[in-house]
Each structure stands twice: as structure tokens, then as C-alpha cells.
file start07.txt (compact mmCIF, C-alpha atoms and all ligand atoms)
# COMPACT_ATOMS: atom_id res chain seq x y z
CA MET S 1 -28.54 77.54 45.25
CA LYS S 2 -28.39 76.58 41.62
CA ILE S 3 -25.35 74.63 40.39
CA ARG S 4 -24.30 73.71 36.89
CA LEU S 5 -21.93 70.85 36.30
CA THR S 6 -21.03 68.26 33.72
CA VAL S 7 -21.80 64.69 34.75
CA ASN S 8 -20.70 61.80 32.55
CA GLY S 9 -20.31 64.20 29.65
CA GLU S 10 -23.74 65.80 29.99
CA LYS S 11 -24.38 69.32 31.23
CA CYS S 12 -26.69 69.33 34.28
CA GLU S 13 -28.30 71.94 36.43
CA THR S 14 -29.92 71.47 39.81
CA ASP S 15 -30.88 73.30 42.98
CA VAL S 16 -29.02 72.26 46.11
CA TRP S 17 -28.97 73.21 49.76
CA GLY S 18 -25.61 74.70 50.77
CA GLY S 19 -24.70 71.76 53.00
CA GLU S 20 -25.71 69.06 50.57
CA SER S 21 -23.14 66.52 49.45
CA LEU S 22 -22.28 65.80 45.86
CA LEU S 23 -23.25 62.18 46.56
CA PHE S 24 -26.76 63.24 47.59
CA ALA S 25 -27.14 65.47 44.55
CA LEU S 26 -25.99 62.71 42.21
CA ARG S 27 -28.26 60.08 43.69
CA GLU S 28 -31.33 62.02 44.68
CA GLN S 29 -31.45 64.90 42.24
CA LEU S 30 -29.60 63.84 39.13
CA GLY S 31 -30.95 60.29 38.96
CA LEU S 32 -27.59 58.54 39.25
CA PRO S 33 -27.83 55.97 42.06
CA GLY S 34 -24.70 54.05 41.02
CA SER S 35 -22.50 55.78 43.61
CA LYS S 36 -23.40 54.20 46.93
CA ASN S 37 -23.91 55.74 50.32
CA ALA S 38 -22.46 53.29 52.82
CA CYS S 39 -20.83 55.42 55.52
CA GLU S 40 -21.16 59.07 54.50
CA GLN S 41 -17.94 59.70 56.45
CA GLY S 42 -15.20 59.22 53.88
CA GLU S 43 -14.34 55.78 55.26
CA CYS S 44 -15.55 53.24 52.72
CA GLY S 45 -15.05 54.60 49.19
CA SER S 46 -18.37 53.28 47.92
CA CYS S 47 -19.27 56.80 46.76
CA SER S 48 -16.06 57.33 44.76
CA VAL S 49 -16.31 59.49 41.65
CA LEU S 50 -13.87 61.45 39.52
CA LEU S 51 -14.06 65.21 40.00
CA ASP S 52 -12.12 66.93 37.24
CA GLY S 53 -10.22 63.65 36.86
CA THR S 54 -9.35 63.32 40.56
CA LEU S 55 -10.71 60.43 42.61
CA VAL S 56 -12.82 61.75 45.49
CA CYS S 57 -15.36 60.49 47.98
CA SER S 58 -18.47 62.28 46.80
CA CYS S 59 -19.93 62.13 50.32
CA LEU S 60 -17.16 64.48 51.44
CA VAL S 61 -17.57 66.99 48.59
CA LEU S 62 -20.27 69.62 48.77
CA ALA S 63 -22.50 69.68 45.73
CA ALA S 64 -21.79 73.40 45.60
CA GLN S 65 -18.08 72.67 45.22
CA ALA S 66 -18.83 70.78 42.01
CA ASP S 67 -20.43 73.86 40.46
CA GLY S 68 -18.73 74.43 37.13
CA HIS S 69 -16.78 71.19 37.32
CA GLU S 70 -16.81 67.81 35.64
CA VAL S 71 -17.89 64.62 37.38
CA VAL S 72 -17.62 61.04 36.20
CA THR S 73 -19.58 58.40 38.09
CA VAL S 74 -19.68 54.65 37.67
CA GLU S 75 -22.54 55.17 35.22
CA GLY S 76 -20.13 57.12 33.02
CA VAL S 77 -17.31 54.63 32.60
CA ALA S 78 -19.23 52.37 30.22
CA THR S 79 -19.44 53.59 26.65
CA ASP S 80 -22.20 53.03 24.09
CA GLY S 81 -23.89 50.49 26.32
CA ALA S 82 -20.78 48.30 26.53
CA LEU S 83 -19.18 47.59 29.88
CA HIS S 84 -15.77 49.08 30.59
CA LYS S 85 -12.99 46.47 30.63
CA VAL S 86 -12.72 46.98 34.38
CA GLN S 87 -16.43 46.21 34.82
CA GLU S 88 -16.07 43.12 32.63
CA ALA S 89 -13.08 41.97 34.67
CA PHE S 90 -14.97 42.34 37.98
CA VAL S 91 -17.85 40.25 36.63
CA ALA S 92 -15.56 37.61 35.12
CA ALA S 93 -13.46 37.30 38.28
CA GLY S 94 -16.50 37.01 40.56
CA ALA S 95 -15.36 40.13 42.41
CA VAL S 96 -18.94 41.23 43.05
CA GLN S 97 -21.00 39.79 45.88
CA CYS S 98 -23.48 42.17 47.50
CA GLY S 99 -22.13 44.82 45.12
CA PHE S 100 -22.28 47.72 47.51
CA CYS S 101 -18.57 48.45 47.26
CA THR S 102 -18.36 47.69 43.55
CA PRO S 103 -19.16 51.09 42.01
CA GLY S 104 -16.46 52.76 44.08
CA LEU S 105 -13.97 50.01 43.34
CA ILE S 106 -14.71 50.26 39.62
CA VAL S 107 -14.13 54.02 39.56
CA ALA S 108 -10.99 53.68 41.70
CA THR S 109 -9.63 50.93 39.43
CA VAL S 110 -10.38 52.91 36.28
CA ASP S 111 -8.46 55.80 37.86
CA LEU S 112 -5.56 53.53 38.86
CA LEU S 113 -5.18 52.00 35.39
CA GLU S 114 -5.44 55.41 33.77
CA HIS S 115 -2.34 56.51 35.66
CA THR S 116 -0.62 53.14 36.12
CA PRO S 117 -1.55 50.71 33.33
CA SER S 118 0.48 47.81 34.77
CA PRO S 119 0.29 48.20 38.53
CA SER S 120 2.19 46.04 40.98
CA ASP S 121 0.25 44.37 43.80
CA ASP S 122 1.51 47.05 46.17
CA GLU S 123 0.28 49.75 43.82
CA ILE S 124 -3.12 48.05 43.58
CA ARG S 125 -3.25 47.75 47.36
CA GLU S 126 -2.35 51.41 47.80
CA ALA S 127 -4.80 52.61 45.14
CA LEU S 128 -7.71 50.64 46.58
CA SER S 129 -6.87 51.21 50.23
CA GLY S 130 -9.76 53.64 50.57
CA ASN S 131 -12.33 51.16 49.29
CA LEU S 132 -13.74 48.75 51.83
CA CYS S 133 -15.41 45.47 50.89
CA ARG S 134 -17.28 43.46 53.50
CA CYS S 135 -17.83 40.39 51.33
CA THR S 136 -15.10 39.25 49.00
CA GLY S 137 -11.94 39.11 51.08
CA TYR S 138 -10.32 41.21 48.33
CA GLN S 139 -8.63 38.30 46.52
CA LYS S 140 -11.11 38.30 43.65
CA ILE S 141 -10.97 42.08 43.50
CA PHE S 142 -7.20 41.84 43.05
CA ASP S 143 -7.71 39.16 40.41
CA ALA S 144 -10.12 41.50 38.60
CA VAL S 145 -7.74 44.45 38.69
CA ARG S 146 -4.86 42.31 37.39
CA ALA S 147 -7.09 40.96 34.60
CA ALA S 148 -8.26 44.45 33.67
CA ALA S 149 -4.65 45.61 33.51
CA ARG S 150 -3.76 42.73 31.21
CA ALA S 151 -6.76 43.58 29.01
S1 LIG Q 1 -20.14 56.79 51.58
FE1 LIG Q 1 -18.52 58.11 51.04
S2 LIG Q 1 -16.74 57.15 51.81
FE2 LIG Q 1 -18.40 55.88 52.50
S1 LIG Q 2 -19.14 42.88 47.46
FE1 LIG Q 2 -20.25 43.33 49.30
S2 LIG Q 2 -19.12 44.96 50.18
FE2 LIG Q 2 -17.92 44.35 48.52

call {"tool": "encode", "arguments": {"input": "start07.txt", "output": "C-alpha cells"}}
result
Amino acid sequence: MKIRLTVNGEKCETDVWGGESLLFALREQLGLPGSKNACEQGECGSCSVLLDGTLVCSCLVLAAQADGHEVVTVEGVATDGALHKVQEAFVAAGAVQCGFCTPGLIVATVDLLEHTPSPSDDEIREALSGNLCRCTGYQKIFDAVRAAARA
């Protein structure tokens, strides 16, 4: 089936199989590999995107469900070639190791700070509870989120 959606501000059209995930369509058909496929079961958050402004695991959303809707991926948070302040904070804090979790954490943090510009540690913990990181131990991720909030 053909779907039409807006991704990172650009109108897109692609053919998808009815059971295909939005994550697959983004990565394999729309040329946006930033969202990562780590579990494909809604457990890790590495595939997080904004769908009409709501944070979702794109592995759990059918591509067909995004027909007519607006998606923002990690590729869409930077503007005019400049990193988003959240991306800058993750780099500066050393919150990126293998980087597999990072796109999802970036999108989730952008979403958090959009709604809660000065989050408490509990609010950060709650907001990022769906994003698993196997490398960092989370301390540097927290440092990055706090720094991004201050910025
Ligand atoms: S790949 Fe979607 S939650 Fe893990
Ligand atoms: S940096 Fe490797 S999983 Fe988070």
C-alpha cells in the first residue's frame, strides 16, 4: 500500500507491506538510518521518534498508521546543519559510547525538555525509563540532560 507522510518537515511517499513497521520504512525505504533497531519489541527505545509530537517506539507502529501523519526522527532535530543543544550536550558530557541507544535518547530528551524545560532527576529518570543503554551506566546521560536543560 502507498503511504504519504511528513518526515522531518519533508513530504514523503512510499510503498509498504501492511505489516511493516514505521522503523523499517524509515530506515530501509526513506533513507533515514538514525533510528536504531535494537530489539524490535518495544523494550529498548533506540527506535524512538515523534509521531505527531508524541514519543513512540517506531518498531511498534505500523508504517501504515503513519499515513497522513508527521514524524520527526533524530535526523530532524538538528537545524541548518547545526547540532541540537541536546546533541551537543551528549557529546560534551561523553554520554555516547557505542551510540546505539543515543538516537532514541536524543529524541526522548528533546521531547522531555519540550514539555519540562527544567526537569528534576526523577522526571529525567521517568522520561528516559524506556530507553536502555548497555554502555554508559546512565550517569553521563543524566549529566547531558541536565546540561541541555541549563542550555
Ligand atoms: S527497537 Fe524499538 S524499542 Fe527496541
Ligand atoms: S552508548 Fe552503547 S548502548 Fe548506550

call {"tool": "residues_around", "arguments": {"input": "start07.txt", "residues": "Lys36 in chain S", "least_positions_apart": "2", "cutoff": "9 Å", "atoms": "all atoms listed in the file", "output": "NGL selection string"}}
result
:S and (23 or 27 or 33-34 or 38 or 45-48 or 100-104)

call {"tool": "atom_distance", "arguments": {"input": "start07.txt", "atom1": "CA of Lys85 in chain S", "atom2": "CA of Leu26 in chain S"}}
result
23.8 Å

call {"tool": "residues_near_ligand", "arguments": {"input": "start07.txt", "ligand": "ligand LIG 1 (chain Q)", "cutoff": "6 Å", "atoms": "only C-alpha atoms and all ligand atoms", "output": "MDAnalysis selection string"}}
result
chainID S and resid 37:47 57:59

call {"tool": "residues_near_ligand", "arguments": {"input": "start07.txt", "ligand": "ligand LIG 2 (chain Q)", "cutoff": "9 Å", "atoms": "only C-alpha atoms and all ligand atoms", "output": "list in words"}}
result
Ser46, Ala95, Val96, Gln97, Cys98, Gly99, Phe100, Cys101, Thr102, Leu105, Asn131, Leu132, Cys133, Arg134, Cys135, Thr136, Gly137, Tyr138 and Ile141 of chain S

call {"tool": "closest_residue", "arguments": {"input": "start07.txt", "among": "S:Val145, S:Ala25, S:Leu32, S:Ala63", "to": "Gly94 in chain S", "atoms": "all atoms listed in the file"}}
result
S:Val145

call {"tool": "closest_residue", "arguments": {"input": "start07.txt", "among": "S:Ser21, S:Gln139, S:Thr79, S:Gln87", "to": "Val61 in chain S", "atoms": "all atoms listed in the file"}}
result
S:Ser21

call {"tool": "residues_around", "arguments": {"input": "start07.txt", "residues": "range 2-7 of chain S", "least_positions_apart": "2", "cutoff": "12 Å", "atoms": "all atoms listed in the file", "output": "MDAnalysis selection string"}}
result
chainID S and resid 9:18 20 22 25:27 29:32 49:53 62:77

call {"tool": "atom_distance", "arguments": {"input": "start07.txt", "atom1": "CA of Asp80 in chain S", "atom2": "CA of Ala127 in chain S"}}
result
27.3 Å

call {"tool": "atom_distance", "arguments": {"input": "start07.txt", "atom1": "CA of Leu60 in chain S", "atom2": "CA of Arg146 in chain S"}}
result
29.0 Å

call {"tool": "closest_residue", "arguments": {"input": "start07.txt", "among": "S:Leu113, S:Ile124, S:Val107, S:Ala147", "to": "Val91 in chain S", "atoms": "only C-alpha atoms"}}
result
S:Ala147

call {"tool": "decode", "arguments": {"input": "start07.txt", "residues": "range 131-145 of chain S", "atoms": "N, CA, C and O atoms", "output": "PDB file, in the first residue's frame"}}
result
ATOM      1  N   ASN S 131      14.304   3.957  27.670  1.00  0.00           N
ATOM      2  CA  ASN S 131      15.499   3.947  26.806  1.00  0.00           C
ATOM      3  C   ASN S 131      16.630   3.225  27.529  1.00  0.00           C
ATOM      4  O   ASN S 131      17.140   3.718  28.539  1.00  0.00           O
ATOM      5  N   LEU S 132      17.009   2.097  27.004  1.00  0.00           N
ATOM      6  CA  LEU S 132      18.058   1.292  27.633  1.00  0.00           C
ATOM      7  C   LEU S 132      19.419   1.592  27.018  1.00  0.00           C
ATOM      8  O   LEU S 132      19.545   1.731  25.805  1.00  0.00           O
ATOM      9  N   CYS S 133      20.424   1.698  27.898  1.00  0.00           N
ATOM     10  CA  CYS S 133      21.805   1.877  27.449  1.00  0.00           C
ATOM     11  C   CYS S 133      22.642   0.772  28.078  1.00  0.00           C
ATOM     12  O   CYS S 133      22.599   0.560  29.284  1.00  0.00           O
ATOM     13  N   ARG S 134      23.405   0.093  27.239  1.00  0.00           N
ATOM     14  CA  ARG S 134      24.213  -1.031  27.726  1.00  0.00           C
ATOM     15  C   ARG S 134      25.617  -0.585  28.115  1.00  0.00           C
ATOM     16  O   ARG S 134      26.394  -1.389  28.624  1.00  0.00           O
ATOM     17  N   CYS S 135      25.968   0.670  27.837  1.00  0.00           N
ATOM     18  CA  CYS S 135      27.369   1.068  27.961  1.00  0.00           C
ATOM     19  C   CYS S 135      27.667   2.076  29.074  1.00  0.00           C
ATOM     20  O   CYS S 135      28.655   1.932  29.773  1.00  0.00           O
ATOM     21  N   THR S 136      26.877   3.096  29.186  1.00  0.00           N
ATOM     22  CA  THR S 136      27.328   4.281  29.922  1.00  0.00           C
ATOM     23  C   THR S 136      27.070   4.234  31.424  1.00  0.00           C
ATOM     24  O   THR S 136      27.642   5.032  32.161  1.00  0.00           O
ATOM     25  N   GLY S 137      26.164   3.381  31.874  1.00  0.00           N
ATOM     26  CA  GLY S 137      25.812   3.416  33.290  1.00  0.00           C
ATOM     27  C   GLY S 137      24.872   4.566  33.615  1.00  0.00           C
ATOM     28  O   GLY S 137      24.565   4.803  34.788  1.00  0.00           O
ATOM     29  N   TYR S 138      24.474   5.314  32.630  1.00  0.00           N
ATOM     30  CA  TYR S 138      23.448   6.364  32.719  1.00  0.00           C
ATOM     31  C   TYR S 138      23.920   7.674  33.367  1.00  0.00           C
ATOM     32  O   TYR S 138      23.285   8.704  33.201  1.00  0.00           O
ATOM     33  N   GLN S 139      25.018   7.651  34.141  1.00  0.00           N
ATOM     34  CA  GLN S 139      25.407   8.879  34.827  1.00  0.00           C
ATOM     35  C   GLN S 139      25.696  10.008  33.840  1.00  0.00           C
ATOM     36  O   GLN S 139      25.242  11.140  33.990  1.00  0.00           O
ATOM     37  N   LYS S 140      26.458   9.681  32.806  1.00  0.00           N
ATOM     38  CA  LYS S 140      26.804  10.724  31.823  1.00  0.00           C
ATOM     39  C   LYS S 140      25.584  11.140  31.001  1.00  0.00           C
ATOM     40  O   LYS S 140      25.494  12.289  30.539  1.00  0.00           O
ATOM     41  N   ILE S 141      24.660  10.232  30.831  1.00  0.00           N
ATOM     42  CA  ILE S 141      23.412  10.599  30.145  1.00  0.00           C
ATOM     43  C   ILE S 141      22.654  11.608  31.001  1.00  0.00           C
ATOM     44  O   ILE S 141      22.163  12.635  30.496  1.00  0.00           O
ATOM     45  N   PHE S 142      22.582  11.360  32.300  1.00  0.00           N
ATOM     46  CA  PHE S 142      21.926  12.319  33.191  1.00  0.00           C
ATOM     47  C   PHE S 142      22.655  13.660  33.160  1.00  0.00           C
ATOM     48  O   PHE S 142      22.029  14.724  33.119  1.00  0.00           O
ATOM     49  N   ASP S 143      23.984  13.599  33.188  1.00  0.00           N
ATOM     50  CA  ASP S 143      24.765  14.849  33.116  1.00  0.00           C
ATOM     51  C   ASP S 143      24.406  15.620  31.848  1.00  0.00           C
ATOM     52  O   ASP S 143      24.263  16.847  31.850  1.00  0.00           O
ATOM     53  N   ALA S 144      24.277  14.880  30.727  1.00  0.00           N
ATOM     54  CA  ALA S 144      23.964  15.530  29.450  1.00  0.00           C
ATOM     55  C   ALA S 144      22.576  16.144  29.484  1.00  0.00           C
ATOM     56  O   ALA S 144      22.391  17.275  28.997  1.00  0.00           O
ATOM     57  N   VAL S 145      21.623  15.454  30.038  1.00  0.00           N
ATOM     58  CA  VAL S 145      20.255  16.002  30.071  1.00  0.00           C
ATOM     59  C   VAL S 145      20.212  17.255  30.955  1.00  0.00           C
ATOM     60  O   VAL S 145      19.599  18.265  30.589  1.00  0.00           O
TER      61      VAL S 145
END
